[in-house]
>>> print(open('target-v4.txt').read())   # compact mmCIF, C-alpha atoms
# COMPACT_ATOMS: atom_id res chain seq x y z
CA ASP A 1 127.87 -23.35 -103.63
CA THR A 2 127.54 -24.17 -99.95
CA GLY A 3 126.43 -27.73 -100.56
CA GLY A 4 123.00 -29.15 -99.81
CA GLN A 5 122.21 -31.55 -97.00
CA ASP A 6 122.24 -34.49 -99.40
CA GLU A 7 125.68 -33.50 -100.72
CA CYS A 8 127.27 -32.83 -97.34
CA LEU A 9 127.16 -36.17 -95.59
CA GLY A 10 130.41 -35.73 -93.69
CA GLU A 11 131.73 -39.13 -94.74
CA ASP A 12 135.43 -39.95 -94.59
CA ASP A 13 136.55 -40.70 -98.14
CA PHE A 14 140.09 -41.84 -97.30
CA ASP A 15 140.84 -45.22 -98.88
CA SER A 16 144.14 -46.91 -98.06
CA ALA A 17 143.77 -49.01 -101.21
CA GLU A 18 144.50 -45.85 -103.19
CA CYS A 19 147.83 -45.22 -101.45
CA GLN A 20 150.90 -45.14 -103.68
CA ALA A 21 154.04 -47.06 -102.79
CA VAL A 22 156.40 -45.08 -100.57
CA ALA A 23 159.75 -44.35 -102.19
CA SER A 24 162.90 -45.80 -100.68
CA GLY A 25 164.53 -43.30 -98.34
CA ASP A 26 161.32 -41.29 -97.86
CA ALA A 27 161.82 -39.01 -94.84
CA GLY A 28 158.26 -39.57 -93.68
CA ILE A 29 157.35 -35.86 -93.69
CA ARG A 30 154.66 -34.19 -95.79
CA TYR A 31 154.61 -30.40 -96.09
CA VAL A 32 151.78 -27.84 -96.39
CA ASP A 33 152.08 -24.28 -97.70
CA GLY A 34 148.78 -22.46 -98.14
CA ASP A 35 150.47 -19.67 -100.08
CA LEU A 36 151.09 -21.95 -103.06
CA THR A 37 148.65 -22.03 -105.95
CA LEU A 38 148.83 -25.73 -106.74
CA SER A 39 149.75 -28.76 -104.67
CA GLY A 40 152.88 -30.74 -105.39
CA ASP A 41 153.68 -34.19 -104.07
CA GLY A 42 154.16 -32.85 -100.55
CA THR A 43 157.66 -34.23 -100.04
CA SER A 44 159.37 -30.83 -99.63
CA TRP A 45 158.54 -27.19 -98.93
CA ALA A 46 158.98 -26.43 -102.63
CA GLU A 47 156.54 -29.21 -103.57
CA ALA A 48 154.20 -28.77 -100.62
CA PHE A 49 150.49 -29.48 -100.55
CA VAL A 50 148.13 -26.52 -100.40
CA HIS A 51 145.55 -28.17 -98.13
CA VAL A 52 146.11 -29.71 -94.72
CA GLN A 53 143.87 -32.73 -95.21
CA GLU A 54 145.57 -33.93 -98.37
CA ALA A 55 148.88 -33.86 -96.50
CA ILE A 56 147.42 -35.81 -93.57
CA ASP A 57 146.02 -38.43 -95.91
CA ALA A 58 149.32 -38.72 -97.79
CA ALA A 59 151.16 -39.04 -94.49
CA ARG A 60 148.75 -41.76 -93.40
CA CYS A 61 149.76 -43.73 -96.49
CA VAL A 62 153.40 -43.36 -95.44
CA ALA A 63 152.57 -44.39 -91.88
CA LEU A 64 150.79 -47.52 -93.04
CA GLU A 65 154.02 -48.63 -94.70
CA ASN A 66 156.66 -47.17 -92.37
CA GLY A 67 154.86 -47.08 -89.03
CA SER A 68 154.66 -43.30 -88.55
CA ALA A 69 154.78 -39.98 -90.40
CA GLN A 70 154.62 -36.24 -89.79
CA VAL A 71 152.91 -33.25 -91.42
CA TRP A 72 154.58 -29.83 -91.20
CA VAL A 73 152.29 -26.85 -91.87
CA LYS A 74 153.53 -23.38 -92.76
CA ALA A 75 152.15 -20.41 -90.83
CA GLY A 76 148.89 -18.95 -92.12
CA THR A 77 145.14 -19.42 -91.90
CA TYR A 78 143.64 -22.58 -93.36
CA HIS A 79 139.88 -22.42 -93.84
CA VAL A 80 138.33 -25.81 -93.12
CA HIS A 81 134.84 -24.98 -94.45
CA GLN A 82 135.12 -25.69 -98.18
CA GLY A 83 131.44 -25.77 -99.05
CA CYS A 84 129.88 -27.94 -96.34
CA MET A 85 129.27 -27.55 -92.62
CA THR A 86 130.50 -31.14 -92.26
CA ASP A 87 133.95 -30.32 -93.65
CA THR A 88 136.60 -31.07 -91.02
CA ILE A 89 140.28 -31.80 -90.51
CA ARG A 90 140.49 -35.52 -89.80
CA LEU A 91 143.50 -36.60 -87.78
CA ARG A 92 144.86 -40.04 -88.61
CA PRO A 93 146.53 -42.72 -86.49
CA ASP A 94 150.36 -42.63 -86.48
CA VAL A 95 150.39 -39.19 -88.14
CA GLU A 96 151.72 -36.23 -86.14
CA LEU A 97 150.39 -32.85 -87.29
CA TYR A 98 152.66 -29.89 -86.55
CA GLY A 99 152.14 -26.17 -87.13
CA GLY A 100 154.38 -23.19 -86.46
CA PHE A 101 156.72 -23.24 -89.44
CA ALA A 102 158.11 -20.36 -91.48
CA GLY A 103 158.42 -22.65 -94.49
CA ASP A 104 162.15 -23.28 -94.71
CA GLU A 105 162.87 -25.48 -91.69
CA THR A 106 164.76 -28.74 -92.00
CA ALA A 107 164.32 -29.88 -88.38
CA LEU A 108 161.27 -29.89 -86.12
CA GLU A 109 163.05 -27.99 -83.34
CA GLN A 110 163.64 -25.05 -85.69
CA ARG A 111 159.98 -24.05 -85.76
CA ASP A 112 158.66 -21.11 -83.72
CA VAL A 113 155.04 -21.69 -82.75
CA GLU A 114 154.53 -18.24 -81.22
CA THR A 115 155.95 -16.30 -84.17
CA ASN A 116 154.52 -18.47 -86.92
CA GLU A 117 150.87 -18.74 -85.91
CA THR A 118 149.13 -21.51 -87.82
CA VAL A 119 145.34 -21.33 -87.73
CA LEU A 120 142.78 -23.99 -88.55
CA HIS A 121 139.67 -21.86 -89.05
CA GLY A 122 136.14 -23.19 -89.11
CA HIS A 123 134.78 -20.29 -91.16
CA SER A 124 134.61 -20.40 -94.92
CA ILE A 125 137.03 -18.07 -96.68
CA ASP A 126 134.07 -15.69 -97.25
CA GLY A 127 133.23 -15.67 -93.54
CA PRO A 128 130.04 -16.74 -91.75
CA ASN A 129 126.69 -16.56 -93.48
CA SER A 130 124.96 -13.77 -91.56
CA GLU A 131 121.64 -14.50 -93.27
CA CYS A 132 121.50 -18.04 -91.92
CA LEU A 133 119.64 -18.44 -88.64
CA VAL A 134 120.05 -22.01 -87.44
CA SER A 135 116.78 -23.09 -85.91
CA GLU A 136 116.09 -26.30 -84.06
CA TYR A 137 114.09 -27.75 -86.91
CA ASP A 138 115.35 -26.02 -90.05
CA PRO A 139 119.16 -25.90 -90.07
CA CYS A 140 121.04 -24.18 -92.87
CA ASP A 141 124.70 -23.71 -93.74
CA THR A 142 126.14 -21.04 -91.44
CA GLY A 143 129.42 -20.79 -93.33
CA ARG A 144 131.04 -22.35 -90.27
CA THR A 145 132.11 -25.96 -89.95
CA LEU A 146 130.56 -28.12 -87.25
CA HIS A 147 133.91 -29.46 -86.02
CA VAL A 148 137.21 -27.89 -87.03
CA VAL A 149 139.14 -31.04 -86.07
CA THR A 150 137.81 -34.61 -85.83
CA VAL A 151 139.53 -37.62 -84.27
CA GLU A 152 137.91 -41.01 -84.69
CA GLU A 153 140.75 -43.42 -83.83
CA ALA A 154 143.88 -41.62 -82.72
CA GLY A 155 145.63 -38.37 -83.51
CA HIS A 156 148.39 -35.94 -82.60
CA ILE A 157 148.15 -32.16 -83.09
CA ASP A 158 150.81 -29.66 -82.04
CA GLY A 159 151.27 -25.95 -82.67
CA PHE A 160 147.92 -24.69 -83.95
CA THR A 161 145.25 -22.16 -83.14
CA VAL A 162 141.89 -23.85 -83.69
CA ARG A 163 139.17 -21.28 -84.20
CA GLY A 164 135.63 -20.71 -85.45
CA GLY A 165 133.97 -24.12 -85.09
CA TYR A 166 130.20 -24.04 -84.61
CA ALA A 167 128.73 -27.33 -83.40
CA SER A 168 125.04 -26.85 -84.14
CA PRO A 169 122.18 -29.33 -84.60
CA LEU A 170 121.68 -30.73 -88.08
CA GLY A 171 118.51 -32.57 -87.27
CA TRP A 172 115.89 -33.43 -84.69
CA ASP A 173 115.26 -37.08 -83.80
CA SER A 174 111.55 -37.30 -83.08
CA ASP A 175 111.95 -40.77 -81.53
CA SER A 176 114.50 -39.77 -78.90
CA MET A 177 113.25 -36.15 -78.78
CA SER A 178 116.81 -34.86 -79.09
CA PHE A 179 119.26 -33.35 -81.52
CA ASP A 180 121.94 -35.34 -83.33
CA SER A 181 124.55 -35.46 -80.54
CA LEU A 182 127.38 -35.93 -83.02
CA THR A 183 126.86 -32.41 -84.35
CA VAL A 184 126.28 -30.44 -81.15
CA ASP A 185 129.52 -31.49 -79.42
CA GLY A 186 133.06 -30.26 -80.04
CA GLY A 187 133.08 -27.13 -82.17
CA GLY A 188 136.87 -26.90 -82.03
CA LEU A 189 137.73 -30.57 -81.74
CA ILE A 190 135.64 -33.68 -81.32
CA ALA A 191 137.16 -37.02 -80.33
CA ARG A 192 134.87 -39.99 -80.88
CA GLN A 193 136.10 -42.87 -78.73
CA ALA A 194 139.59 -41.84 -79.71
CA VAL A 195 142.95 -41.08 -78.14
CA VAL A 196 144.35 -37.68 -79.09
CA GLN A 197 147.54 -35.90 -78.02
CA ILE A 198 147.28 -32.08 -78.01
CA SER A 199 150.30 -29.84 -77.43
CA ASN A 200 151.04 -26.13 -77.92
CA CYS A 201 147.52 -25.43 -79.17
CA ILE A 202 145.05 -22.61 -78.58
CA PHE A 203 141.30 -23.19 -78.91
CA ALA A 204 139.40 -19.92 -79.32
CA ASP A 205 135.97 -18.71 -80.48
CA ASN A 206 134.51 -22.18 -80.86
CA ILE A 207 130.88 -22.93 -79.97
CA ALA A 208 129.26 -26.20 -78.86
CA ARG A 209 125.73 -26.80 -77.65
CA THR A 210 126.88 -29.19 -74.93
CA MET A 211 129.76 -29.40 -72.47
CA TRP A 212 131.49 -32.26 -74.25
CA ASP A 213 134.78 -31.95 -76.11
CA ILE A 214 136.46 -28.67 -77.01
>>> encode(input="target-v4.txt", output="structure tokens")
Amino acid sequence: DTGGQDECLGEDDFDSAECQAVASGDAGIRYVDGDLTLSGDGTSWAEAFVHVQEAIDAARCVALENGSAQVWVKAGTYHVHQGCMTDTIRLRPDVELYGGFAGDETALEQRDVETNETVLHGHSIDGPNSECLVSEYDPCDTGRTLHVVTVEEAGHIDGFTVRGGYASPLGWDSDSMSFDSLTVDGGGLIARQAVVQISNCIFADNIARTMWDI
């Protein structure tokens, strides 16, 4: 199921009211290991989350209570497209997202970004939909996410390869005679009136219909 237009609204469903209390002595780090079958509570490599976004959201809950938090992501390829073109990795304020880990580090400086490539990939796990030809007036799901990474307030990303975003028009505005500008910018990363810090990252094979963003 690739999700219909009505199902894939691209809305941010994070709700701080659903955050659990942070345990005393929490180190403020949430871990991601895509090789695991099921997610744990994210507080260690052994109990890591499987998906990047759930770790970011959990870290945001920690940051709201403690002021800041980090997410450490084990090397591998993480497919952002999970059924909708609007699927994206949403960076959160006061949450630092780090890639480049082997999965046993206990300190940030132990990671090796070059050896442990960590990829945020805009393609679905099945790859692009070769039968989908995105036209100006009849878009369909290409099997590629519009924006691999989205920043709407503030964010920090370090140590990733961001690949395979395809910022294509989702609709034509007959009043302004233009495409939806929020979908044609930033195939790799789009920052919407936001401050974002990017370090040790590679952006490759991303497509945007305009010159804005990455």
>>> residues_around(input="target-v4.txt", residues="range 65-68 of chain A", least_positions_apart="5", cutoff="8 Å", atoms="all atoms listed in the file", output="VMD selection string")
chain A and resid 22 28 60 94 to 95
>>> residues_around(input="target-v4.txt", residues="Ala208 in chain A", least_positions_apart="6", cutoff="7 Å", atoms="only C-alpha atoms", output="list in words")
Tyr166, Ala167, Ser168, Val184, Asp185, Gly186 and Gly187 of chain A
>>> write_last_selection(input="target-v4.txt", atoms="C-alpha atoms", output="PDB file, keeping the file's coordinate frame")
ATOM      1  CA  TYR A 166     130.200 -24.040 -84.610  1.00  0.00           C
ATOM      2  CA  ALA A 167     128.730 -27.330 -83.400  1.00  0.00           C
ATOM      3  CA  SER A 168     125.040 -26.850 -84.140  1.00  0.00           C
ATOM      4  CA  VAL A 184     126.280 -30.440 -81.150  1.00  0.00           C
ATOM      5  CA  ASP A 185     129.520 -31.490 -79.420  1.00  0.00           C
ATOM      6  CA  GLY A 186     133.060 -30.260 -80.040  1.00  0.00           C
ATOM      7  CA  GLY A 187     133.080 -27.130 -82.170  1.00  0.00           C
TER       8      GLY A 187
END
>>> atom_distance(input="target-v4.txt", atom1="CA of Ile89 in chain A", atom2="CA of Ala21 in chain A")
23.9 Å
>>> closest_residue(input="target-v4.txt", among="A:Ser199, A:Thr43, A:Asn116, A:Asn206", to="Val162 in chain A", atoms="only C-alpha atoms")
A:Asn206
>>> closest_residue(input="target-v4.txt", among="A:Thr77, A:Thr88, A:Gln82, A:Ser16", to="Ala58 in chain A", atoms="all atoms listed in the file")
A:Ser16
>>> atom_distance(input="target-v4.txt", atom1="CA of Ile207 in chain A", atom2="CA of Asp35 in chain A")
28.3 Å
>>> residues_near_point(input="target-v4.txt", point="(157.1, -30.4, -94.3)", cutoff="9 Å", atoms="all atoms listed in the file", output="list of chain:residue names")
A:Ile29, A:Arg30, A:Tyr31, A:Val32, A:Asp33, A:Gly42, A:Thr43, A:Ser44, A:Trp45, A:Ala48, A:Gln70, A:Val71, A:Trp72, A:Val73, A:Lys74, A:Tyr98, A:Phe101, A:Gly103, A:Asp104, A:Glu105, A:Thr106
>>> atom_distance(input="target-v4.txt", atom1="CA of Met85 in chain A", atom2="CA of His121 in chain A")
12.4 Å
>>> residues_near_point(input="target-v4.txt", point="(133.8, -22.4, -85.1)", cutoff="7 Å", atoms="all atoms listed in the file", output="ChimeraX atom specification")
/A:122-123,144-146,148,163-166,187-188,205-207
>>> closest_residue(input="target-v4.txt", among="A:Cys19, A:Ile157, A:Val149, A:Ala204", to="Thr86 in chain A", atoms="all atoms listed in the file")
A:Val149
>>> residues_around(input="target-v4.txt", residues="Gly100 in chain A", least_positions_apart="5", cutoff="9 Å", atoms="all atoms listed in the file", output="number ranges by chain")
A: 72-76, 111-118, 158-160
>>> closest_residue(input="target-v4.txt", among="A:Ile202, A:Ala191, A:Leu108, A:Cys84", to="Glu96 in chain A", atoms="all atoms listed in the file")
A:Leu108
>>> closest_residue(input="target-v4.txt", among="A:Glu109, A:Asp57, A:Glu47, A:Ser39", to="Glu18 in chain A", atoms="all atoms listed in the file")
A:Asp57
>>> closest_residue(input="target-v4.txt", among="A:Arg192, A:Val80, A:Leu38, A:Cys8", to="Ile125 in chain A", atoms="only C-alpha atoms")
A:Val80
>>> residues_around(input="target-v4.txt", residues="Ala154 in chain A", least_positions_apart="2", cutoff="8 Å", atoms="only C-alpha atoms", output="compact mmCIF listing (two decimals) with C-alpha atoms, in the coordinates of the input")
# COMPACT_ATOMS: atom_id res chain seq x y z
CA LEU A 91 143.50 -36.60 -87.78
CA ARG A 92 144.86 -40.04 -88.61
CA PRO A 93 146.53 -42.72 -86.49
CA ASP A 94 150.36 -42.63 -86.48
CA VAL A 151 139.53 -37.62 -84.27
CA GLU A 152 137.91 -41.01 -84.69
CA HIS A 156 148.39 -35.94 -82.60
CA ALA A 194 139.59 -41.84 -79.71
CA VAL A 195 142.95 -41.08 -78.14
CA VAL A 196 144.35 -37.68 -79.09
>>> decode(input="target-v4.txt", residues="range 15-51 of chain A", atoms="N, CA and C atoms", output="short mmCIF file (atom, residue, chain, number, x, y, z; two decimals), in the first residue's frame")
data_model
loop_
_atom_site.label_atom_id
_atom_site.label_comp_id
_atom_site.auth_asym_id
_atom_site.auth_seq_id
_atom_site.Cartn_x
_atom_site.Cartn_y
_atom_site.Cartn_z
N ASP A 15 3.21 14.81 19.56
CA ASP A 15 2.41 15.49 20.57
C ASP A 15 3.17 15.42 21.89
N SER A 16 3.67 16.56 22.36
CA SER A 16 4.45 16.57 23.59
C SER A 16 3.63 16.12 24.80
N ALA A 17 2.30 16.22 24.69
CA ALA A 17 1.46 15.78 25.80
C ALA A 17 1.54 14.28 26.02
N GLU A 18 2.01 13.55 25.02
CA GLU A 18 2.13 12.11 25.14
C GLU A 18 3.50 11.66 25.65
N CYS A 19 4.40 12.62 25.92
CA CYS A 19 5.73 12.28 26.42
C CYS A 19 5.64 11.66 27.82
N GLN A 20 6.46 10.64 28.04
CA GLN A 20 6.56 10.02 29.36
C GLN A 20 7.59 10.78 30.18
N ALA A 21 7.47 10.68 31.50
CA ALA A 21 8.43 11.32 32.38
C ALA A 21 9.82 10.73 32.16
N VAL A 22 10.83 11.57 32.17
CA VAL A 22 12.20 11.13 31.98
C VAL A 22 12.76 10.62 33.31
N ALA A 23 13.35 9.43 33.27
CA ALA A 23 13.87 8.82 34.49
C ALA A 23 15.04 9.61 35.05
N SER A 24 15.18 9.59 36.35
CA SER A 24 16.31 10.25 37.00
C SER A 24 17.61 9.62 36.52
N GLY A 25 18.59 10.45 36.20
CA GLY A 25 19.87 9.93 35.73
C GLY A 25 19.89 9.55 34.27
N ASP A 26 18.83 9.86 33.52
CA ASP A 26 18.79 9.56 32.09
C ASP A 26 19.95 10.27 31.39
N ALA A 27 20.69 9.54 30.56
CA ALA A 27 21.88 10.10 29.91
C ALA A 27 21.54 11.05 28.78
N GLY A 28 20.28 11.08 28.37
CA GLY A 28 19.87 12.00 27.32
C GLY A 28 20.25 11.55 25.93
N ILE A 29 20.48 10.25 25.74
CA ILE A 29 20.81 9.69 24.44
C ILE A 29 19.78 8.63 24.08
N ARG A 30 19.30 8.65 22.84
CA ARG A 30 18.44 7.60 22.34
C ARG A 30 19.14 6.96 21.14
N TYR A 31 19.06 5.63 21.06
CA TYR A 31 19.84 4.85 20.11
C TYR A 31 18.94 4.25 19.03
N VAL A 32 19.53 4.08 17.82
CA VAL A 32 18.81 3.48 16.69
C VAL A 32 19.68 2.39 16.07
N ASP A 33 19.08 1.22 15.88
CA ASP A 33 19.76 0.10 15.23
C ASP A 33 18.77 -0.54 14.27
N GLY A 34 18.92 -0.27 12.98
CA GLY A 34 18.00 -0.78 11.98
C GLY A 34 18.08 -2.27 11.76
N ASP A 35 19.08 -2.92 12.34
CA ASP A 35 19.21 -4.37 12.20
C ASP A 35 18.32 -5.13 13.17
N LEU A 36 17.79 -4.45 14.16
CA LEU A 36 16.92 -5.10 15.14
C LEU A 36 15.54 -5.35 14.53
N THR A 37 14.84 -6.32 15.07
CA THR A 37 13.50 -6.64 14.58
C THR A 37 12.44 -5.76 15.21
N LEU A 38 12.57 -5.55 16.52
CA LEU A 38 11.59 -4.76 17.26
C LEU A 38 12.29 -3.66 18.03
N SER A 39 11.60 -2.55 18.20
CA SER A 39 12.15 -1.43 18.96
C SER A 39 12.06 -1.69 20.45
N GLY A 40 13.09 -1.25 21.17
CA GLY A 40 13.05 -1.24 22.62
C GLY A 40 12.68 0.15 23.10
N ASP A 41 13.22 0.53 24.28
CA ASP A 41 12.90 1.86 24.78
C ASP A 41 13.91 2.91 24.32
N GLY A 42 14.93 2.46 23.57
CA GLY A 42 15.87 3.39 22.97
C GLY A 42 16.96 3.91 23.88
N THR A 43 17.05 3.43 25.10
CA THR A 43 17.99 3.99 26.06
C THR A 43 19.36 3.33 26.04
N SER A 44 19.56 2.34 25.17
CA SER A 44 20.86 1.67 25.03
C SER A 44 20.93 1.04 23.65
N TRP A 45 22.13 0.61 23.25
CA TRP A 45 22.25 -0.10 21.97
C TRP A 45 21.42 -1.39 21.99
N ALA A 46 21.43 -2.08 23.11
CA ALA A 46 20.69 -3.35 23.21
C ALA A 46 19.18 -3.14 23.12
N GLU A 47 18.71 -1.97 23.56
CA GLU A 47 17.28 -1.68 23.56
C GLU A 47 16.96 -0.55 22.57
N ALA A 48 17.71 -0.51 21.48
CA ALA A 48 17.59 0.60 20.54
C ALA A 48 16.25 0.59 19.80
N PHE A 49 15.90 1.76 19.28
CA PHE A 49 14.78 1.86 18.36
C PHE A 49 15.21 1.32 17.00
N VAL A 50 14.23 0.92 16.21
CA VAL A 50 14.50 0.45 14.85
C VAL A 50 14.45 1.61 13.87
N HIS A 51 13.58 2.58 14.13
CA HIS A 51 13.35 3.69 13.20
C HIS A 51 13.92 4.99 13.75
#
